[in-house]
Every structure is written in C-alpha cells, then in structure tokens.
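Q: Questions regarding the structure given below will be posed in turn.
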Amino acid sequence: MQNSPEAVEQRIQEWAGRLIEQGWISPAAADSLTHLSNPTAADLFDDSEIARADSARPLVTAFFGGTGVGKSTLLNRLAGEAIATTGIERPTSREVTFYLHEAVPLERMPPELPLDRVRVSRHSNANRREVVWIDMPDIDSIERANRELVLDLLPYIDVLIYVVSPERYRDDAGWRLLLEQSQGHAFLFVMNHWDEGWEEQIEDFSGQLRSAGFNDPIVLRCDSRPDFDRRKPDDFGKMEEILTALVRAHGVEQLTNRNEQLRLQRVSDRAHALLERLGETKTLDRLQDRWRKIWKHTLEDLRPGLEWPMQALAREVIGPGRIDRKGKKRKKTDQSAGELKSDVSETLLWDAWIQTRLLDALERLILEAEDLGLPGPPLRQALSSCRDELQEILIDSVQTSLRRSLSTPGHWLQRSGLRLFGVLRYLLPLAASGLVGYQLVLRYYEGWMGESSYLGVNFAVHSLLLIGLAWLIPYLLHRLLTPSLEKTALRGIRQGIAQGFERASKRVEQDLQSLKEKQRDLAGEGTRLIQALEEKKERDYEMESPPRSEEVKALFSRMLVAG
Ligand SMILES: Nc1nc2c(ncn2[C@@H]2O[C@H](COP(=O)(O)OP(=O)(O)OP(=O)(O)O)[C@@H](O)[C@H]2O)c(=O)[nH]1
Ligand SMILES: [Mg+2]
C-alpha cells in the first residue's frame, strides 16, 4: 500500500502542501492538483452490491447533442416506449432520463444532479443489464442550466453517444467542447434524421472527426421518425451491439483502468507544472551575484551620507568632559560607550534614511529574483528575519568595534612608543640627576681636599639644562603620541559600520544559500515522487488491466481519441 499509486499521490499532495507553506506556489495553483479526483461512472453504483452480484458494474452511456437532433427519440426507440419527453418545443428535455435494468443498484445519484431533474425508468430485459442509458438535455442550450447539468454529469459517463442531424452537424461545436472537457471518454457518433441526410455528409462529418483526432470514428446513421414504416434501413441496431460487445470484452474494466491512468497522468502533469514553479537552483547562484552588485551600489550610496552621523556619534561618545588625553578615565569612557548603545548610536546611525535604503536593497533583490523566474514569496519569507535584524546587526557591530577601539586606542607602534616615553620621562631626568649628583659629590670632595677647585655657576646651569631636557623630550614625545579619543572613537565607529554592513550582506548570502538548499530538496523530492508515480502507473496498468482482446482493441481504436 505504501508504494501504491494512491500512496505516492498522497505524498505528492503533501509535497505540494510544503510548496504552499514556503510560498513557492499559491494555494490556487495547488488546487489544480487536489481537484483532479473527478468522479467516474463507478461512483454511480454501490460497490458492495456490485461485488455481491459478482459482475462488473454496467457500462454508462449517454446521448449528447444539440436540441432537436433526436436524443430523447433515440432512447424511446431503444426502450420501445416513450420514457423520455420528445417534442417540437425547443429545448424539450430539461431533465436527465436513466434507462436501466431493475437489478442494477443505482444507489448514488451524482450530487450535482437536482432530484427534480431526474427520471429513472427501469426495465426487466436481462440482455440489457450490462448497459445504463441516459438521455441528456441539449448541450447547445439557450438554457444555461441545461448546459451546466450536461457538463456536471460528463465525468460519470463511460461512452458518449454524440447525436447530430444532417442539417446542423457542420455548425455543431458541442462535440468539440465535450472532447475538450472529456477525460478520455469513448465516443460513438450518430447522424440522426438520416431520412434527411446524404452519404457525403457522413463522409464529411467523419473527416471533421478525424481532424480532431479520431482515427476511424464510428458514425451511425439513424432514421428515427415516429412513423417507423417509412424509416430507411439504418445502423440503430449496431449501436447496442457495439456497446454490448464492448462490455463483454471487459470494456468497462479497461475504461475504468484507462481513466485511472489518465487521472494519474494528470496528477503527474500538474506536479510537473508545480515543479517548474520552483525554478532552477542555478537561478539562486545568479541571484548571489546580483546581490553583491546591489549591495555594492547601496553602500556607495550610503557612505557619504553616513559621514556626518559617524562624526556626531564619535563626539557624543567622548562627550564634553569626557575628553581624557591621558587615558586615565578610559574605563569610565568604555562604560559610556556601552550606555550609548540603546540611545545615541541608534538615533544617530539608524534613521529612516538608512533603513529605507537597506530595505530597498532587499526589495530590489526580490524583484531581480522574479525577473530571473523565481517566485518572490519564498525569498521574501527567507529574508524576513534578516530584514528585522538589520538594525541590530549594524548597531551591534558599531558597539563592539567602538569598545575594542577605545580599549586599545591608536596603532600598536603608537601604543609601544607611548609606553616607552611614559617610562623615559621619569627615567631620563632621574639618570641625569644621578650623573649631576655624582659629579657634584666628587668635585666637592676634591675641592675640600684641595686637589681641585669647587664647581662653578657653569656647572649649575648645564646640569639644570641636562635634567630639564631629559624630562622635556620624553614628556613632549609622550604627549604627541597620546591618541585623540575622538579620533579613536571615530575609527571604531567606521570599522564597526563596515563590519556591520559586511555581516548584513553575509547574512543575506546565507539566507540565499539556505533557500537554495530548500529549493533543491523540494525539487529533488518532487522529481522522485513524479518518477515513482509514472513507474507505478505503468506497472499497475500492465498488471491490473484485463487482457485486451483484438475486438476491444479494434473498438477502442475507433472510439477513443488517438494519443
Ligand atoms: N424526420 C425525423 N424526425 C425526427 C427524427 N428523430 C427525431 N425526430 C423528431 O425531432 C423532434 C425532436 O426530437 P427530440 O427527441 O425531442 O430531440 P432532443 O434531441 O431530445 O431535443 P432536446 O430534448 O430539446 O435536446 C421530435 O419531434 C422528433 O419526432 C428523425 O430521425 N427524423
Ligand atoms: Mg430530449
């Protein structure tokens, strides 16, 4: 059961459900797949009753055609009594007349059929048990209800007997309409009013039918005038013979089986059509390239406009009173940067201007996708969370980069120089003072011992100058190398924005990638299911179809449209 065509069909329906869920197809498109289980003639009968009678269900055949061609007359002629209304009023029949054997369990009338528009006439002729005859209202009716009734009942019919008259057969488009709507029905044609017809007209009509796809259509001549003494010899008797022969050669089972095959073929065709809506996976590869171009243009458009908000934010970050060239209050500044997250950076960096441009970029991507033949909704769905997170991504990146930048201000070379001169501005004056002190003590001792003179003013001046320079030079260099906090903040913000944009773009690329994977999985699953259905359909048809006799083959080749 798991691998039966029905099970595969069920899985195809589930697959289509997933396509809807993800926006690849509209529910209306999927309907084309679900509404394929049209009723068939078998639905008119109670299966258990049929099984109990141990016979196949009867063949359901119906007279179709324009008004006044003699459909009701033909049924009456068959029944040998006036069971259907005939007349000169046009259209005459507004109801459907069933003519069938009393033992046939016609339990389930089509729900489309209003009960006041149905007549059932039963007979007890056992030879006619295998065929149910139906007289239909006209197909070309000025009464819309007649036409709708005919089309509603069409799926329940096995064999359509299309009746024309010599007078109007050329303008009669009804059979073409039925052929279009038909789901592989078998057709018989009757040219009634044969008393008014010519052999050439049969040839002409057959030619029309051949051009519509019938290899060798069966066209029966019938003269059904009420005055049967005047009737020309005709093919009326053949009509019943053909149908009875069809039934006896397992034609009903063959038709049922064929209908199921055609139905599964339609499921497969529609599934194919849905599969095509998924588009090709390489479309998403091309879309990745298009996205990079769109993003490049968006950033070129955004950059100049972001310059001012970045500088304003940098000033806000250090703020008045936060300027600390010595970097002593850096910890406090870091905290301030953290506090800015929810207010200043958002107000300054994320405004309607930037939001519109970023969302426009995503919209342009969706348009490009549709341009490449990919449905927009799944992409829109795939990008929706990214759309919502754009602001967070950008602000987050700016905050992280700002904190990093403020905690390690300047270039590494600058930071090393800063450390070096920070030490030297104490070390060098100390070393110079030590040298001067040593000289002072030494010369004082020598002067006291009388070995040389005491130090003079020159020594004092030079010593002071040496100590002063030993302090001043590293002090000035240290000051020079101390980075400006505003510049540090600006650098952090700039890097943060660049990283934020990079992250946002990567995020879109990831979304496209995961959409591509989903698309590939769905397409793979669809292809496998369609293949499985095709295989099952062929195999089950071969196995379940009763052997076809030459007789039934010959009849089918004339009654069914080729191909
Ligand atoms: N001359 C001639 N008249 C026929 C023949 N068959 C039927 N008629 C007449 O044609 C008229 C219309 O016949 P119906 O059987 O009511 O035609 P219908 O196709 O059922 O028409 P609707 O119910 O309106 O769709 C009747 O008066 C019949 O007697 C025929 O073979 N030859
Ligand atoms: Mg009628």
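Please note that chains go A, B, ... in the order of the structure tokens, that every chain numbers its residues from 1, and that ligands are numbered from 1 in the order shown.
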Name each residue within 6 Å of ligand 2, counting only C-alpha atoms and all ligand atoms, as an MDAnalysis selection string.
A: chainID A and resid 71:72 86 92:93 137
Q: Atoms to include: C-alpha atoms. Write the selected residues as a short mmCIF file (atom, residue, chain, number, x, y, z; two decimals), in the first residue's frame.
A:
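Contents of part.cif, freshly written:
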data_model
loop_
_atom_site.label_atom_id
_atom_site.label_comp_id
_atom_site.auth_asym_id
_atom_site.auth_seq_id
_atom_site.Cartn_x
_atom_site.Cartn_y
_atom_site.Cartn_z
CA LYS A 71 -31.66 12.20 -28.40
CA SER A 72 -34.86 11.52 -26.48
CA THR A 86 -39.74 14.40 -27.04
CA THR A 92 -37.58 19.80 -24.97
CA SER A 93 -35.66 17.83 -22.35
CA PRO A 137 -30.64 17.76 -22.14
#
Q: Given only C-alpha atoms and all ligand atoms, how would the per-residue table for chain A near ligand 1 read, listing every residue at most 9 Å away with its closest atom pair and distance in Å to one decimal, sorted by chain and number, as a Markdown table?
A:
| residue | atom | partner | partner_atom_place_in_ligand_line | distance |
| --- | --- | --- | --- | --- |
| A:Phe63 | CA | ligand 1 | 19 (O) | 8.4 |
| A:Phe64 | CA | ligand 1 | 19 (O) | 8.0 |
| A:Gly65 | CA | ligand 1 | 19 (O) | 6.6 |
| A:Gly66 | CA | ligand 1 | 25 (O) | 5.8 |
| A:Thr67 | CA | ligand 1 | 25 (O) | 3.5 |
| A:Gly68 | CA | ligand 1 | 17 (O) | 3.6 |
| A:Val69 | CA | ligand 1 | 19 (O) | 4.1 |
| A:Gly70 | CA | ligand 1 | 15 (O) | 3.4 |
| A:Lys71 | CA | ligand 1 | 19 (O) | 3.8 |
| A:Ser72 | CA | ligand 1 | 15 (O) | 3.7 |
| A:Thr73 | CA | ligand 1 | 15 (O) | 3.7 |
| A:Leu74 | CA | ligand 1 | 15 (O) | 6.6 |
| A:Leu75 | CA | ligand 1 | 15 (O) | 8.1 |
| A:Asn76 | CA | ligand 1 | 15 (O) | 8.3 |
| A:Ala84 | CA | ligand 1 | 20 (O) | 8.0 |
| A:Thr85 | CA | ligand 1 | 16 (O) | 6.4 |
| A:Thr86 | CA | ligand 1 | 16 (O) | 3.3 |
| A:Gly87 | CA | ligand 1 | 16 (O) | 4.5 |
| A:Ile88 | CA | ligand 1 | 27 (O) | 4.9 |
| A:Glu89 | CA | ligand 1 | 24 (O) | 7.1 |
| A:Arg90 | CA | ligand 1 | 24 (O) | 5.0 |
| A:Pro91 | CA | ligand 1 | 24 (O) | 3.3 |
| A:Thr92 | CA | ligand 1 | 24 (O) | 3.7 |
| A:Ser93 | CA | ligand 1 | 23 (O) | 3.6 |
| A:Arg94 | CA | ligand 1 | 23 (O) | 6.9 |
| A:Glu95 | CA | ligand 1 | 23 (O) | 8.5 |
| A:Asp135 | CA | ligand 1 | 20 (O) | 7.5 |
| A:Met136 | CA | ligand 1 | 25 (O) | 7.2 |
| A:Pro137 | CA | ligand 1 | 25 (O) | 4.8 |
| A:Asp138 | CA | ligand 1 | 25 (O) | 3.8 |
| A:Ile139 | CA | ligand 1 | 25 (O) | 7.5 |
| A:Asp140 | CA | ligand 1 | 25 (O) | 8.5 |
| A:Ser141 | CA | ligand 1 | 25 (O) | 7.7 |
| A:Val163 | CA | ligand 1 | 19 (O) | 7.7 |
| A:Val164 | CA | ligand 1 | 19 (O) | 8.7 |
| A:Ser165 | CA | ligand 1 | 31 (O) | 8.2 |
| A:Met191 | CA | ligand 1 | 31 (O) | 8.4 |
| A:Asn192 | CA | ligand 1 | 31 (O) | 4.8 |
| A:His193 | CA | ligand 1 | 31 (O) | 3.2 |
| A:Trp194 | CA | ligand 1 | 31 (O) | 5.6 |
| A:Asp195 | CA | ligand 1 | 32 (N) | 5.8 |
| A:Glu196 | CA | ligand 1 | 1 (N) | 6.7 |
| A:Cys222 | CA | ligand 1 | 31 (O) | 6.0 |
| A:Asp223 | CA | ligand 1 | 31 (O) | 3.8 |
| A:Ser224 | CA | ligand 1 | 31 (O) | 3.6 |
| A:Arg225 | CA | ligand 1 | 30 (C) | 4.3 |
| A:Pro226 | CA | ligand 1 | 29 (O) | 5.8 |
| A:Arg231 | CA | ligand 1 | 31 (O) | 8.2 |
Q: Near range 8-20 of chain A, within 7 Å and counting only C-alpha atoms, which residues show up once chain neighbours fewer than 5 positions away are dropped, as number ranges by chain?
A: A: 3, 25-27, 30, 529, 533
Q: For the residues selected in the previous step, produce a file with N, CA and C atoms as a PDB file, in the first residue's frame.
A:
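Ended up saving to again_26.pdb:
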ATOM      1  N   ASN A   3       3.550   1.807  -1.399  1.00  0.00           N
ATOM      2  CA  ASN A   3       4.079   2.191  -2.694  1.00  0.00           C
ATOM      3  C   ASN A   3       3.017   2.209  -3.778  1.00  0.00           C
ATOM      4  N   ILE A  25       4.338  28.228  -4.310  1.00  0.00           N
ATOM      5  CA  ILE A  25       3.144  28.252  -5.160  1.00  0.00           C
ATOM      6  C   ILE A  25       1.981  28.792  -4.349  1.00  0.00           C
ATOM      7  N   SER A  26       0.979  29.303  -5.055  1.00  0.00           N
ATOM      8  CA  SER A  26      -0.194  29.823  -4.346  1.00  0.00           C
ATOM      9  C   SER A  26      -1.130  28.649  -4.059  1.00  0.00           C
ATOM     10  N   PRO A  27      -1.988  28.785  -3.040  1.00  0.00           N
ATOM     11  CA  PRO A  27      -2.941  27.704  -2.778  1.00  0.00           C
ATOM     12  C   PRO A  27      -3.791  27.417  -4.016  1.00  0.00           C
ATOM     13  N   ALA A  30      -2.039  25.057  -6.237  1.00  0.00           N
ATOM     14  CA  ALA A  30      -2.047  23.686  -5.708  1.00  0.00           C
ATOM     15  C   ALA A  30      -3.413  23.034  -5.882  1.00  0.00           C
ATOM     16  N   LEU A 529       9.132  11.800  -6.624  1.00  0.00           N
ATOM     17  CA  LEU A 529       7.729  11.375  -6.490  1.00  0.00           C
ATOM     18  C   LEU A 529       7.065  11.227  -7.856  1.00  0.00           C
ATOM     19  N   LEU A 533       5.497   7.892  -9.383  1.00  0.00           N
ATOM     20  CA  LEU A 533       4.106   7.810  -9.835  1.00  0.00           C
ATOM     21  C   LEU A 533       4.040   7.268 -11.264  1.00  0.00           C
TER      22      LEU A 533
END
Q: List the spatial neighbours of range 466-478 of chain A as an MDAnalysis selection string - criterion: any atom at most 6 Å away, only C-alpha atoms, same-chain residues fewer than 5 positions off excluded.
A: chainID A and resid 418 421 424:425 428:429 432
Q: When distances are computed from only C-alpha atoms, which of A:Val252, A:Leu149, A:Leu362, A:Leu178 shows the smallest separation from Phe556 in chain A?
A: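 Under the stated criterion, the closest residue is A:Val252.
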Q: Please identify all polymer residues within 12 Å of Asp46 in chain A, counting only C-alpha atoms, omitting same-chain residues fewer than 6 positions from it, and present them as a PyMOL selection string.
A: chain A and resi 52-53+56-58+103-109
Q: Which is closer to Arg403 in chain A than all the others in A:Leu306, A:Met449, A:Leu485, A:Leu374, using only C-alpha atoms?
A: A:Leu485
Q: In terms of the shortest atom-to-atom distance over only C-alpha atoms, which of A:Trp295, A:Phe45, A:Trp175, A:Tyr162 is closest to Val219 in chain A?
A: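 Result for the nearest residue to Val219 in chain A: A:Tyr162.
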Q: Report the distance between CA of Leu246 in chain A and CA of Val132 in chain A in Å, rounded to one decimal place.
A: 13.3 Å
Q: Using only C-alpha atoms, find the one residue out of A:Glu102, A:Asp285, A:Asp511, A:Glu130 that sits nearest to Leu243 in chain A.
A: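 Looking at the shortest contact to Leu243 in chain A, the residue is A:Glu130.
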Q: With only C-alpha atoms counted and 12 Å as the cut-off, give the residues of range 481-528 of chain A in contact with range 253-275 of chain A, each with its shortest interatomic distance in Å and the pair that gives it, as a Markdown table.
A:
| residue | atom | partner | partner_atom | distance |
| --- | --- | --- | --- | --- |
| A:Gln519 | CA | A:Leu275 | CA | 10.0 |
| A:Arg520 | CA | A:Leu275 | CA | 10.8 |
| A:Asp521 | CA | A:Leu275 | CA | 11.5 |
| A:Leu522 | CA | A:Leu275 | CA | 8.5 |
| A:Ala523 | CA | A:Leu275 | CA | 6.3 |
| A:Gly524 | CA | A:Leu275 | CA | 9.4 |
| A:Glu525 | CA | A:Leu275 | CA | 9.7 |
| A:Gly526 | CA | A:Leu275 | CA | 6.5 |
| A:Thr527 | CA | A:Leu275 | CA | 7.7 |
| A:Arg528 | CA | A:Leu275 | CA | 11.1 |
